[in-house]
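Worksheet: the structure to be examined is printed underneath.
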Protein chains: 2
Amino acid sequence: MTPQEEALELHRKLKGKLSIKSKVPIDKESLRLAYTPGVAEPCKEIAKDKSKVYEYTGKGNSVAVVSDGSAVLGLGNIGALAGLPVMEGKALLFNELAGIDSIPIILDTQETHKIIETVKNIAPSFGGINLEDIQAPRCFEVEEALQEIGIPVFHDDQHGTAIVVAAALINACRASEKEITDLKVVVSGAGAAGTAVTKMLMCFNIAEKLCSPVKDVITVDSKGIIYRGRDSLDFYKGWLASSTNKENRKGSLADALVGADVFIGVSKAGLLTEAMVKSMNKDPIVFAMANPVPEIDPVIAKKAGALIVGTGRSDYPNQINNVLAFPGVFRGALDAKATKITPEMKAAAFHALADYVKNPGIENILPSPLDKGATKVVAEAVKKAAIEGGFVRKD
Amino acid sequence: MTPQEEALELHRKLKGKLSIKSKVPIDKESLRLAYTPGVAEPCKEIAKDKSKVYEYTGKGNSVAVVSDGSAVLGLGNIGALAGLPVMEGKALLFNELAGIDSIPIILDTQETHKIIETVKNIAPSFGGINLEDIQAPRCFEVEEALQEIGIPVFHDDQHGTAIVVAAALINACRASEKEITDLKVVVSGAGAAGTAVTKMLMCFNIAEKLCSPVKDVITVDSKGIIYRGRDSLDFYKGWLASSTNKENRKGSLADALVGADVFIGVSKAGLLTEAMVKSMNKDPIVFAMANPVPEIDPVIAKKAGALIVGTGRSDYPNQINNVLAFPGVFRGALDAKATKITPEMKAAAFHALADYVKNPGIENILPSPLDKGATKVVAEAVKKAAIEGGFVRKD
């Protein structure tokens, strides 16, 4: 059986990767308390004081994984139903790594305002909302509009990726005695992940004390380098044009990479060639995270001179995977009773994740994605930052 | 500790009556299949053929319990958050009795069109939608509007109640040698449950062969008997006025009950007096289902001459509780791959439930609410009726 057939076989056998179980045994006695007539008591308490919903129900430990299926894995806009196996997988990781009760919610709409309205309308059911696999720029608009609904809302493809890349870059510097502030970074891909990675590296919106920003970033999309004056940039790419690429360079990915120290790929299989790596500065860092096939084969990148190579894959060293971020981020936010995920909480997450690796080496910049200790330190740091920032409920 | 304190204590301890668990162990090997990169395979299969979502995900075994919190238990419009403990309780029963993965979804809106839109938008996530504790007439409008979304949608307060009452009445007749077609029935309460009970007893919309309809029904709401010409009847009460109460009687509940054979109460504690029961025909049937305090104390009803008395409570004989219906109805509908819940499926449910009681007696008209055998026979009957009716998916 091929690995593909094996994956299908497993999904067919399970018919859903999650199961929902009652915590209450079913007998007359416990049903009298958990159902009728006893259930009226917590209802009445919550009716008097809404914050008690966190005391008497599962709301405070639940996270919805919400997607419109418009940007699923590297598969693109395959629709919400086709994205459901991914959402179940995310929910599974929330549960296994962070003990969170997580539910996939896939949407029958790809219209921005309808997504916003729908998520607002179901938000009372949950302690947090993890947006997933929604295409840019819609994902930015949806997330921004949902910031004030009173529970944490976090678009994993943006911030989960950015947190893990930032931690990886910090430790890549530690392993290679580079200074993060000196780096020339090229980000390939200017969708959700590329934009968020760029913002985080430049510490856009992140408190100074938590931040050693990268000063020189160039972003590249399918049309080449993003620069001021380029045709038909949308609002978000306009921000990239005005905030990155100091010298306003133009050209292709190959042009951008000449003399660069770091390649961060959240783009497409095979975009990065051996020649491009050779054109970079000495001992470059290459994070080729296109999924499942990276922008360059790690072996070729190494051969071309890359000192440190990371990918999204588990079969090479330095796996850079969101799963190191999102379970801990939500665990910490829920534990803190946070009302939103702030830039400071994200920064706390990437610093905690980086510091968790005691002696970063060139093949050891991040923990294993299944390391529950990493989830724990991220959660603790996020919780602390939430409480310090004051965006927490008072119940 | 009082029973009330005990109920609060249990809810506080559990913090949510449901937990969501992964069916997949978390190790590198299974993650490779269930998450990245293997998860792309079922995604691609579903993208090619949407019906495969039932083969590769949990959609087909999941039911959302959706409420706007506008008519929770007997507590009224206490809001969605305050209704959450009830929805968790429902989900728990779905799980325990029918093995269904059920999720509470409470809404941040009580506007009819927004509820409809929101449920439509999240429907791809689920195999069925159980509407719960939504006030009349909104519940009718919402349910009607959702009939064509391709998955079963069922308002439990209406049809769950109606199914169990119909089964109870069939067996009350068997236990007392009454003929259902001869009965004069008074339904007290003309909200969701009262309207649905009335429709079902009159076999509105139910295939003739499944039906021995009650010919004489009078409905009574807080303003008295519903009759043709009464002031300000809404669309649904207008239907009751035109379809029931053949003699177009007017007056109070007491007036309606003179010479009646059956009292069906889905109304308020204490509405039925000893004198009213005495004014009914010989050996009347009294179903006093107001929750948690019935329309009349069963002991008093018996003393006043009632032959058979049922309530919603577990501490008296003849508990008439929706839980005998909704888990089996959805189990059957999901197993049949039904696209909707038809009147024939509901009729199959109440006949199966009634027939499940081998020797109905005056204190034994229904099975125990926790009898999984009852869930099973209801499920089988509903499945059969769905397949015979042809409202099923072809995958």
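Here, A, B, ... name the chains of the structure tokens in the order displayed, residue numbers run from 1 inside each chain, and ligands are numbered from 1 in the same displayed order.
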
Per-residue nearest contacts of stretch 13-109 of chain A to stretch 47-56 of chain B (12 Å; only C-alpha atoms) as JSON lines:
```
{"residue": "A:Lys13", "atom": "CA", "partner": "B:Tyr56", "partner_atom": "CA", "distance": 8.1}
{"residue": "A:Leu14", "atom": "CA", "partner": "B:Tyr56", "partner_atom": "CA", "distance": 7.6}
{"residue": "A:Lys15", "atom": "CA", "partner": "B:Tyr56", "partner_atom": "CA", "distance": 5.1}
{"residue": "A:Gly16", "atom": "CA", "partner": "B:Tyr56", "partner_atom": "CA", "distance": 6.5}
{"residue": "A:Lys17", "atom": "CA", "partner": "B:Tyr56", "partner_atom": "CA", "distance": 9.1}
{"residue": "A:Leu18", "atom": "CA", "partner": "B:Tyr56", "partner_atom": "CA", "distance": 12.0}
{"residue": "A:Gly69", "atom": "CA", "partner": "B:Ala47", "partner_atom": "CA", "distance": 10.2}
{"residue": "A:Ser70", "atom": "CA", "partner": "B:Ala47", "partner_atom": "CA", "distance": 11.6}
{"residue": "A:Val72", "atom": "CA", "partner": "B:Ala47", "partner_atom": "CA", "distance": 10.7}
{"residue": "A:Leu75", "atom": "CA", "partner": "B:Ala47", "partner_atom": "CA", "distance": 9.6}
{"residue": "A:Gly76", "atom": "CA", "partner": "B:Ala47", "partner_atom": "CA", "distance": 10.5}
{"residue": "A:Asn77", "atom": "CA", "partner": "B:Ala47", "partner_atom": "CA", "distance": 9.3}
{"residue": "A:Ile78", "atom": "CA", "partner": "B:Ala47", "partner_atom": "CA", "distance": 5.6}
{"residue": "A:Gly79", "atom": "CA", "partner": "B:Ala47", "partner_atom": "CA", "distance": 7.0}
{"residue": "A:Ala80", "atom": "CA", "partner": "B:Ala47", "partner_atom": "CA", "distance": 9.1}
{"residue": "A:Leu81", "atom": "CA", "partner": "B:Val53", "partner_atom": "CA", "distance": 6.4}
{"residue": "A:Ala82", "atom": "CA", "partner": "B:Ala47", "partner_atom": "CA", "distance": 5.0}
{"residue": "A:Gly83", "atom": "CA", "partner": "B:Ala47", "partner_atom": "CA", "distance": 8.4}
{"residue": "A:Leu84", "atom": "CA", "partner": "B:Val53", "partner_atom": "CA", "distance": 7.8}
{"residue": "A:Pro85", "atom": "CA", "partner": "B:Tyr56", "partner_atom": "CA", "distance": 7.3}
{"residue": "A:Val86", "atom": "CA", "partner": "B:Tyr56", "partner_atom": "CA", "distance": 11.1}
{"residue": "A:Glu88", "atom": "CA", "partner": "B:Tyr56", "partner_atom": "CA", "distance": 10.6}
{"residue": "A:Ile106", "atom": "CA", "partner": "B:Val53", "partner_atom": "CA", "distance": 11.9}
```

Just the selected residues (C-alpha atoms), exported as an mmCIF file, in the first residue's frame, please.
```cif
data_model
loop_
_atom_site.group_PDB
_atom_site.id
_atom_site.type_symbol
_atom_site.label_atom_id
_atom_site.label_comp_id
_atom_site.auth_asym_id
_atom_site.auth_seq_id
_atom_site.Cartn_x
_atom_site.Cartn_y
_atom_site.Cartn_z
ATOM 1 C CA LYS A 13 -11.682 3.266 8.926
ATOM 2 C CA LEU A 14 -12.041 6.088 11.449
ATOM 3 C CA LYS A 15 -14.819 8.027 9.681
ATOM 4 C CA GLY A 16 -13.843 11.130 11.607
ATOM 5 C CA LYS A 17 -10.772 11.619 13.731
ATOM 6 C CA LEU A 18 -12.652 12.947 16.755
ATOM 7 C CA GLY A 69 -11.982 25.835 2.571
ATOM 8 C CA SER A 70 -10.558 28.525 0.313
ATOM 9 C CA VAL A 72 -6.466 24.276 2.128
ATOM 10 C CA LEU A 75 -4.329 22.467 -2.561
ATOM 11 C CA GLY A 76 -5.955 25.881 -2.848
ATOM 12 C CA ASN A 77 -9.660 26.620 -2.960
ATOM 13 C CA ILE A 78 -11.012 23.079 -2.772
ATOM 14 C CA GLY A 79 -14.091 24.039 -0.738
ATOM 15 C CA ALA A 80 -15.116 23.620 2.867
ATOM 16 C CA LEU A 81 -16.168 19.963 2.696
ATOM 17 C CA ALA A 82 -12.834 18.958 1.193
ATOM 18 C CA GLY A 83 -11.060 20.886 3.943
ATOM 19 C CA LEU A 84 -12.832 19.019 6.741
ATOM 20 C CA PRO A 85 -10.157 16.299 7.161
ATOM 21 C CA VAL A 86 -7.602 19.050 7.823
ATOM 22 C CA GLU A 88 -10.384 17.453 12.139
ATOM 23 C CA ILE A 106 -16.657 24.423 8.017
#
```

Residues of chain A within 6 Å of chain B, only C-alpha atoms counted, as a ChimeraX atom specification: /A:7-8,11-12,15-23,33,35,37-38,42-43,46-47,55-58,78,82-83,89,92,101,105-108,118,121-122,124-125,292

Residues near stretch 273-280 of chain A, anyone? I mean within 12 Å using only C-alpha atoms, not counting same-chain ones fewer than 3 positions away, as a ChimeraX atom specification. /A:183-186,252-264,269-270,283-288,294-309

As a ChimeraX atom specification, please: every residue in stretch 227-355 of chain A that a backbone DSSP assignment puts in alpha helix (DSSP H).
/A:235-243,253-257,274-278,298-303,326-336,343-355

- Near-B:Leu324 list (9 Å; only C-alpha atoms; drop same-chain fewer than 3 positions) as a count of residues only: 18

| Mind pulling up the distance from atom CA of B:Tyr316 to atom CA of B:Ala379? |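 Between atom CA of B:Ala379 and atom CA of B:Tyr316 the gap is 26.5 Å.
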
Write out as a PyMOL selection string the residues lying within 9 Å of stretch 354-358 of chain B, counting only C-alpha atoms and excluding same-chain residues fewer than 3 positions away. chain B and resi 164+166-171+349-351+364-367+373-374+377-378

Just C-alpha atoms for this one: save the residues we selected as a CSV table (one decimal), in the first residue's frame.
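To be explicit, this is the file written out as again-v4.csv:
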```
chain,number,residue,atom,x,y,z
B,164,VAL,CA,-43.5,10.7,22.5
B,166,ALA,CA,-48.4,10.1,20.3
B,167,ALA,CA,-46.8,6.9,21.4
B,168,ALA,CA,-48.0,7.5,25.0
B,169,LEU,CA,-51.5,8.1,23.8
B,170,ILE,CA,-51.6,5.0,21.6
B,171,ASN,CA,-50.5,2.9,24.6
B,349,ALA,CA,-40.9,6.6,15.3
B,350,PHE,CA,-44.0,6.9,17.4
B,351,HIS,CA,-45.5,3.6,16.2
B,364,ASN,CA,-46.6,1.4,32.0
B,365,ILE,CA,-47.4,3.2,28.8
B,366,LEU,CA,-43.8,4.0,27.8
B,367,PRO,CA,-40.3,2.5,28.3
B,373,GLY,CA,-33.6,-0.7,23.3
B,374,ALA,CA,-36.2,2.0,22.7
B,377,VAL,CA,-36.3,0.3,17.6
B,378,VAL,CA,-37.0,4.0,16.9
```

Residues of stretch 159-310 of chain A in strand (DSSP E or B) according to DSSP, as a PyMOL selection string?
chain A and resi 184-188+216-221+224-225+262-265+285-288+308-310

Would you put the residues from that selection into a file with C-alpha atoms, as a PDB file, in the first residue's frame?
```pdb
ATOM      1  CA  LYS A 184      18.869  40.392   5.068  1.00  0.00           C
ATOM      2  CA  VAL A 185      15.715  38.315   4.764  1.00  0.00           C
ATOM      3  CA  VAL A 186      13.741  37.339   1.683  1.00  0.00           C
ATOM      4  CA  VAL A 187      10.200  36.065   2.237  1.00  0.00           C
ATOM      5  CA  SER A 188       8.843  34.068  -0.698  1.00  0.00           C
ATOM      6  CA  ASP A 216      15.986  44.357   5.953  1.00  0.00           C
ATOM      7  CA  VAL A 217      13.120  42.304   4.506  1.00  0.00           C
ATOM      8  CA  ILE A 218      12.083  41.815   0.906  1.00  0.00           C
ATOM      9  CA  THR A 219       8.852  40.025   0.061  1.00  0.00           C
ATOM     10  CA  VAL A 220       8.261  38.229  -3.207  1.00  0.00           C
ATOM     11  CA  ASP A 221       5.004  36.954  -4.647  1.00  0.00           C
ATOM     12  CA  GLY A 224       8.218  38.989  -8.310  1.00  0.00           C
ATOM     13  CA  ILE A 225       9.511  41.429  -5.726  1.00  0.00           C
ATOM     14  CA  VAL A 262      17.849  34.156   4.918  1.00  0.00           C
ATOM     15  CA  PHE A 263      15.274  32.590   2.624  1.00  0.00           C
ATOM     16  CA  ILE A 264      11.842  32.047   4.149  1.00  0.00           C
ATOM     17  CA  GLY A 265       9.590  30.133   1.798  1.00  0.00           C
ATOM     18  CA  ILE A 285      19.656  30.073   6.379  1.00  0.00           C
ATOM     19  CA  VAL A 286      16.991  28.399   4.238  1.00  0.00           C
ATOM     20  CA  PHE A 287      13.492  27.721   5.550  1.00  0.00           C
ATOM     21  CA  ALA A 288      11.710  26.006   2.667  1.00  0.00           C
ATOM     22  CA  ILE A 308      20.855  25.709   8.264  1.00  0.00           C
ATOM     23  CA  VAL A 309      17.899  24.231   6.418  1.00  0.00           C
ATOM     24  CA  GLY A 310      14.399  23.854   7.784  1.00  0.00           C
TER      25      GLY A 310
END
```

Contact residues around A:Trp239 with only C-alpha atoms at 10 Å, ignoring same-chain residues under 5 positions, as a list in words: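 So, after excluding close chain neighbours, the residues are Thr195, Lys199, Ile226, Tyr227, Arg228, Leu233, Asp234 and Thr244 of chain A.
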
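Distance-wise, atom CA of B:Ile129 and atom CA of B:Val63 end up 5.5 Å apart.
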
Exercise. Enter the distance from atom CA of A:Pro152 to atom CA of A:Ala193, in Å, rounded to one decimal.
Key: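 According to the coordinates, atom CA of A:Pro152 and atom CA of A:Ala193 are separated by 19.0 Å.
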
Check: Looking at A:Gly251, A:Pro213, A:Gly127, A:Gly150, which one is nearest to A:Val197, with distances taken over only C-alpha atoms?
Finding: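 The shortest atom-to-atom distance to A:Val197 comes from A:Pro213.
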